[in-house]
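**Q** The structure follows.
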Amino acid sequence: TAHEGEAVITTTPETGVAPAGEGLVRHSFATTPPLPTYLIAFAVGPLDVVEAEPLPPTEIRDHPLPLRGVATKGKGPQLAYALKHARGIIETEENYFQIAFPYPKLDLIAVPDFAAGAMENVGAITFREQLLLLDDKASLGRKRAYASVMAHELAHQWFGDLVTPKWWDDIWLNESFATWMGNKTLAMWQPGQGFENGILRGALGVMRGDELVSARQIRQPIRSNHDIATAFDGITYQKGAAVLAMFESWLGEEAFRKGVQLHLRRFANGVADVNDFLQSLAEGADRPDVVDAFKSFLFQPGVPLVSAALSCDNAKATVALMQARYLPLGSTGDRHQTWQIPVCLAYDGKEGRARYCTLLDNEEASIRLPDDHCPAWLMPNANANGYYRFSLDAAGWSALSGHLDALNDREEQALLDSLSAAYHSGNAATATLVDAFREFAPSPKREVATMPLRELRTMHDRLASGEAAVAGVEAFVRELYGPRLAALGLEPKPGENTDDALLRPTLVSALADLGQDEALRATLKDKALAYLASDPVDTSVIDPALVGTALAVAVAEGDADFARALLERALASRDAIFRQRALSALSSSPDPEVGAMMRDLIPDPRLRDNEAIMIVFGQVGTREQREAIWDWTKMNLDKLLPRIPTWRKGAVVNVGAGFCSNERADEIESFFRDKVEDLEGGPRELDQTVERIRLCAAFKAAKSGEVTDYFAAR
């Protein structure tokens, strides 16, 4: 029952409307199929409901699929892009699963204030406005964010909705699969647009969390609500997706697909657990050996480290393999841990590039390569399909670095990640890593070229001590990337490729912030002022992908009056993207007065909850504000917690995550330890935050002098 004139949307199609008296209307809806209650949603109010053209029948689906977009009043026209492009994603997933979209209609709902990015409610998927309200003029990054989240949430309509986990310990069957399938969908829907590497990027990123002693395993036992709250993390999403991709590669795409299809048919409109899925996969792929190997990655945490040493005797090549758990400097973990790892080696074979795969199921193994030939090089993770890091002896690293042209871009990313991992475990020198940066930064592949930026940020913010060393890192960033941006230009070029369009904002941000390029900062400030000179903003004066960086520079270079004016304009705006960009820029201001102004705003009802959280963590990520936001949190925890949804309140401990000393780790643990039991997910969040800070302190103690000496001498 709702007020007359209000829209009412839920899981199933509306079947009737009847007056209920006193200005109220009773809406009736079709009965749902069997569903858990958490997948049922309602949207009620003065909403714009935009009817799109129904999706026509296909070979998979014998009926049209009604499609609508829903937004707050006045924002309906902004749904056109999202509705137009949903069809290709839906039909790609239907084709992969060979199962029609499982429900009778689909509504895409834009929510102004939403803690999660999106939610896979059956037939009524909700999204943050920023993901759904866009047009053809939006930046390529925003369009890709829309596509990525849309593909993920639509994949849930099969994995999670049509077949639901029996219990929360198998939430990975939802989220790992939607992450894996979302990336796979985009790569099939728009081949050659860089979506093929999405799972790899996620895997390399999440390994930094998986190396913690306090890391979860993919299938984590649920002993309390805390375990449910922390299940929605990178281990479940990115690691789970990477492990799925690894076993897909090992079994073969079509064999893996048959297992997935069998599972969905077998448990449609029902529930399943890990054993059900693995049995379906083993039967569908006709590979019973996959069960134990897969379980070895599900039931223990950690990143495997595979060491490989090539030796030759009369042209007979042997590779000695050894596995252990990767641990960084300062870790208290135990390296003696084993998995059943599908290891694939790429090497220089007798007839050219060759590949050899094996299942490394013991701590050590010796592999005889099939060619009567001694390879000139060995890559221990062919195509980077394996969820593991690798190590080589000195001769192996030297040989591989001398044959980089034999590697594809995925392998180059895995190589750089493994070299960085060696650096963080104390097994590589700063000079070695920086030399590798020089080799890889000119790569024509964006993802390879920009990989050094993460480590350079760490060197700049954590390791370099003194003005000379900090300036040396900044100069090195300009040296590496300045010529690349100069060639690319600040304005998009007609017909430029996807890599260039995505590379530009990354380089601009890196050079303006990390590189402190004065000329670029001046240009960006001018563009930001021109952008803000009219109301509404003048989107013609700057590439939309550069607006966020330009506003951040303008705030940093401007005074408090400029910041106050921008804040008032943001708060008065109904444009979610403008609000996000402006508030993000203000949150990263180094100015103490602006920082205090933004902290005072955190409880302000004019801010949406997700915006308040963005301000907090924007300051956590800003060196000049880190101390102040920590002090503010200690004094105002009661004002901050209401901004965080119940299931995420434990994440508040990450306000201390920017620190890098054992003293700060002690302080954060002391402040939160008696509070986290009342904050969902709090105990593990605190353990991980404190561990990260202690690891940072150990890394800094080991490498700060080396980095300082190297860059101060430049």
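Just remember, in the structure tokens the first chain shown is A, the second B, etc., residues are 1-based per chain, and ligands are 1-based in the order shown.
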Show me, as a ChimeraX atom specification, the residues that have an atom within 10 Å of region 548-564 of chain A when counting only C-alpha atoms, minus same-chain residues fewer than 4 positions from it.
**A** /A:505-506,508-510,512-513,520-529,531-532,542,544,568-570,577-578,580-595,597-598
**Q** Within 9 Å of Ala468 (chain A), counting only C-alpha atoms, which residues qualify if same-chain residues fewer than 2 places away don't, as a ChimeraX atom specification?
**A** /A:464-466,470-473,708,711-714
**Q** DSSP on the backbone: what in region 342-578 of chain A comes out strand (DSSP E or B), as a list in words?
**A**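 Assigned to strand (DSSP E or B), within region 342-578 of chain A: Pro342, Val343, Cys344, Leu345, Ala346, Tyr347, Asp348, Gly349, Gly352, Arg353, Ala354, Arg355, Tyr356, Cys357, Thr358, Leu359, Leu360, Glu364, Ala365, Ser366, Ile367, Arg368, Leu378, Met379, Arg389, Phe390, Ser391 and Leu392 of chain A.
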**Q** Pick out the residues sitting within 12 Å of Asn408 (chain A), and hand them over as an mmCIF file with C-alpha atoms, in the first residue's frame; count only C-alpha atoms, and ignore anything fewer than 5 positions along from it in its own chain.
**A**
data_model
loop_
_atom_site.group_PDB
_atom_site.id
_atom_site.type_symbol
_atom_site.label_atom_id
_atom_site.label_comp_id
_atom_site.auth_asym_id
_atom_site.auth_seq_id
_atom_site.Cartn_x
_atom_site.Cartn_y
_atom_site.Cartn_z
ATOM 1 C CA ASN A 197 42.749 -8.730 -17.704
ATOM 2 C CA ALA A 346 56.260 -20.970 -20.537
ATOM 3 C CA ARG A 353 57.636 -20.603 -27.401
ATOM 4 C CA MET A 379 58.456 -18.034 -17.172
ATOM 5 C CA ASN A 381 53.380 -18.633 -14.616
ATOM 6 C CA ALA A 382 52.375 -18.971 -18.271
ATOM 7 C CA ASN A 383 49.802 -16.345 -19.254
ATOM 8 C CA ALA A 384 49.600 -15.456 -15.540
ATOM 9 C CA HIS A 403 63.803 -11.925 -23.044
ATOM 10 C CA GLN A 413 52.361 -7.921 -14.973
ATOM 11 C CA ALA A 414 52.906 -11.175 -13.081
ATOM 12 C CA LEU A 415 56.677 -10.754 -13.390
ATOM 13 C CA SER A 443 55.394 -0.526 -22.425
ATOM 14 C CA PRO A 444 52.650 0.125 -24.989
ATOM 15 C CA LYS A 445 50.302 -1.787 -22.677
ATOM 16 C CA GLU A 447 48.436 -2.006 -17.352
ATOM 17 C CA VAL A 448 52.113 -2.894 -17.619
#
**Q** Per DSSP on the backbone, filter region 248-411 of chain A down to the residues in helix (DSSP H, G or I) and report them as a PyMOL selection string.
**A** chain A and resi 248-251+253-266+274-285+290-298+382-384+394-401+404-406+409-411
**Q** Compile the contact shell of Lys700 (chain A) as a list in words: residues with an atom at most 10 Å away, counting only C-alpha atoms, same-chain residues fewer than 3 positions apart removed.
**A**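 Contacts, with the query itself left out: Leu329, His424, Thr458, Met459, Arg462, Leu463, Ala464, Cys660, Ser661, Arg694, Leu695, Cys696, Ala697, Lys703, Ser704, Gly705, Glu706 and Val707 of chain A.
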**Q** Next, dump the selected residues to file, keeping only C-alpha atoms, as an mmCIF file, in the first residue's frame.
**A**
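Wrote out.cif, looks like this:
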data_model
loop_
_atom_site.group_PDB
_atom_site.id
_atom_site.type_symbol
_atom_site.label_atom_id
_atom_site.label_comp_id
_atom_site.auth_asym_id
_atom_site.auth_seq_id
_atom_site.Cartn_x
_atom_site.Cartn_y
_atom_site.Cartn_z
ATOM 1 C CA LEU A 329 59.197 -8.751 5.876
ATOM 2 C CA HIS A 424 58.766 -6.731 0.132
ATOM 3 C CA THR A 458 54.996 3.654 -1.264
ATOM 4 C CA MET A 459 58.571 4.832 -1.729
ATOM 5 C CA ARG A 462 56.542 5.698 3.375
ATOM 6 C CA LEU A 463 60.211 5.106 2.656
ATOM 7 C CA ALA A 464 61.905 8.247 1.344
ATOM 8 C CA CYS A 660 53.337 2.901 9.635
ATOM 9 C CA SER A 661 54.826 2.466 13.108
ATOM 10 C CA ARG A 694 53.305 -3.574 11.815
ATOM 11 C CA LEU A 695 54.325 -5.002 8.434
ATOM 12 C CA CYS A 696 54.657 -1.463 7.108
ATOM 13 C CA ALA A 697 56.897 -0.583 10.048
ATOM 14 C CA LYS A 703 64.117 -0.347 3.142
ATOM 15 C CA SER A 704 63.883 3.327 4.114
ATOM 16 C CA GLY A 705 67.640 3.875 4.181
ATOM 17 C CA GLU A 706 68.084 2.140 0.840
ATOM 18 C CA VAL A 707 65.343 4.195 -0.840
#
**Q** State, in Å with one decimal place, the distance from CA of Pro165 (chain A) to CA of Val271 (chain A).
**A**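 We find that CA of Pro165 (chain A) and CA of Val271 (chain A) lie 5.3 Å from each other.
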**Q** Can you tell me, as a ChimeraX atom specification, what residues are no more than 12 Å from Arg355 (chain A) when counting only C-alpha atoms, ignoring any on the same chain fewer than 6 positions away?
**A** /A:343-349,369-371,375,378-383
**Q** Okay, now the selection with N, CA and C atoms, as a compact mmCIF listing (two decimals), in the first residue's frame?
**A**
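Contents of selection-v5.txt, as written:
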# COMPACT_ATOMS: atom_id res chain seq x y z
N VAL A 343 50.35 -25.52 -12.11
CA VAL A 343 51.49 -24.69 -12.52
C VAL A 343 51.72 -24.90 -14.01
N CYS A 344 51.74 -23.80 -14.75
CA CYS A 344 52.05 -23.87 -16.18
C CYS A 344 53.31 -23.03 -16.44
N LEU A 345 54.26 -23.64 -17.10
CA LEU A 345 55.54 -23.01 -17.42
C LEU A 345 55.55 -22.61 -18.88
N ALA A 346 55.98 -21.39 -19.16
CA ALA A 346 56.26 -20.97 -20.54
C ALA A 346 57.77 -20.90 -20.69
N TYR A 347 58.26 -21.30 -21.86
CA TYR A 347 59.72 -21.32 -22.03
C TYR A 347 60.07 -21.30 -23.52
N ASP A 348 61.32 -21.12 -23.76
CA ASP A 348 61.87 -21.10 -25.12
C ASP A 348 62.11 -22.54 -25.57
N GLY A 349 61.14 -23.10 -26.31
CA GLY A 349 61.24 -24.48 -26.75
C GLY A 349 62.01 -24.64 -28.05
N LEU A 369 61.27 -31.21 -18.93
CA LEU A 369 60.61 -30.60 -20.08
C LEU A 369 60.73 -31.53 -21.28
N PRO A 370 59.69 -31.58 -22.12
CA PRO A 370 59.65 -32.59 -23.17
C PRO A 370 60.65 -32.38 -24.31
N ASP A 371 61.09 -31.16 -24.57
CA ASP A 371 62.00 -30.91 -25.68
C ASP A 371 63.43 -31.34 -25.34
N PRO A 375 66.22 -24.41 -22.71
CA PRO A 375 65.59 -23.11 -22.95
C PRO A 375 66.50 -21.95 -22.55
N LEU A 378 62.78 -19.06 -18.85
CA LEU A 378 61.66 -19.79 -18.25
C LEU A 378 60.76 -18.80 -17.53
N MET A 379 59.46 -18.84 -17.86
CA MET A 379 58.46 -18.03 -17.17
C MET A 379 57.58 -18.98 -16.35
N PRO A 380 57.64 -18.91 -15.01
CA PRO A 380 56.96 -19.92 -14.17
C PRO A 380 55.45 -19.78 -14.05
N ASN A 381 54.84 -18.78 -14.68
CA ASN A 381 53.38 -18.63 -14.62
C ASN A 381 52.88 -18.24 -16.00
N ALA A 382 52.75 -19.23 -16.88
CA ALA A 382 52.37 -18.97 -18.27
C ALA A 382 51.03 -18.27 -18.35
N ASN A 383 51.00 -17.17 -19.07
CA ASN A 383 49.80 -16.35 -19.25
C ASN A 383 49.24 -15.82 -17.94
**Q** Using Å and a single decimal, report how far CA of Val149 (chain A) sits from CA of Gly202 (chain A).
**A**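 Between CA of Gly202 (chain A) and CA of Val149 (chain A) the gap works out to 14.2 Å.
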**Q** Between A:Val44, A:Ala376, A:Ala421, A:Ala431, which residue has the minimum interatomic distance to Phe699 (chain A), considering only C-alpha atoms?
**A** A:Ala421
**Q** Find, counting only C-alpha atoms, the residue in A:Ala145, A:Ala436, A:Ala20, A:Ala52 that gets nearest to Lys105 (chain A).
**A** A:Ala52
**Q** Report, in Å to a single decimal, how far apart CA of Asn385 (chain A) and CA of Glu248 (chain A) are.
**A**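 CA of Asn385 (chain A) lies at a distance of 9.2 Å from CA of Glu248 (chain A).
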**Q** Can I get the residues of region 63-152 of chain A within 7 Å of region 178-188 of chain A, each with the closest pair of atoms and their distance in Å to one decimal, using only C-alpha atoms, sorted chain first then ascending number, as a Markdown table?
**A**
| residue | atom | partner | partner_atom | distance |
| --- | --- | --- | --- | --- |
| A:Ile89 | CA | A:Thr185 | CA | 6.8 |
| A:Thr92 | CA | A:Thr185 | CA | 6.3 |
| A:Glu93 | CA | A:Thr185 | CA | 6.4 |
| A:Ser148 | CA | A:Gly182 | CA | 6.4 |
| A:Ala151 | CA | A:Gly182 | CA | 4.6 |
| A:His152 | CA | A:Gly182 | CA | 4.4 |
**Q** How would the residues just chosen look if you wrote them out with N, CA and C atoms as an mmCIF file, in the first residue's frame?
**A**
data_model
loop_
_atom_site.group_PDB
_atom_site.id
_atom_site.type_symbol
_atom_site.label_atom_id
_atom_site.label_comp_id
_atom_site.auth_asym_id
_atom_site.auth_seq_id
_atom_site.Cartn_x
_atom_site.Cartn_y
_atom_site.Cartn_z
ATOM 1 N N ILE A 89 24.753 -7.244 -22.385
ATOM 2 C CA ILE A 89 25.300 -7.973 -21.237
ATOM 3 C C ILE A 89 24.389 -9.140 -20.865
ATOM 4 N N THR A 92 24.648 -11.931 -23.478
ATOM 5 C CA THR A 92 25.934 -12.631 -23.396
ATOM 6 C C THR A 92 25.907 -13.658 -22.274
ATOM 7 N N GLU A 93 25.337 -13.290 -21.138
ATOM 8 C CA GLU A 93 25.286 -14.230 -20.010
ATOM 9 C C GLU A 93 24.288 -15.349 -20.264
ATOM 10 N N SER A 148 31.005 -2.997 -15.716
ATOM 11 C CA SER A 148 31.555 -3.984 -14.790
ATOM 12 C C SER A 148 30.552 -4.355 -13.708
ATOM 13 N N ALA A 151 27.429 -6.180 -15.252
ATOM 14 C CA ALA A 151 27.698 -7.584 -15.578
ATOM 15 C C ALA A 151 27.769 -8.433 -14.311
ATOM 16 N N HIS A 152 28.348 -7.878 -13.252
ATOM 17 C CA HIS A 152 28.454 -8.591 -11.972
ATOM 18 C C HIS A 152 27.064 -8.859 -11.391
#
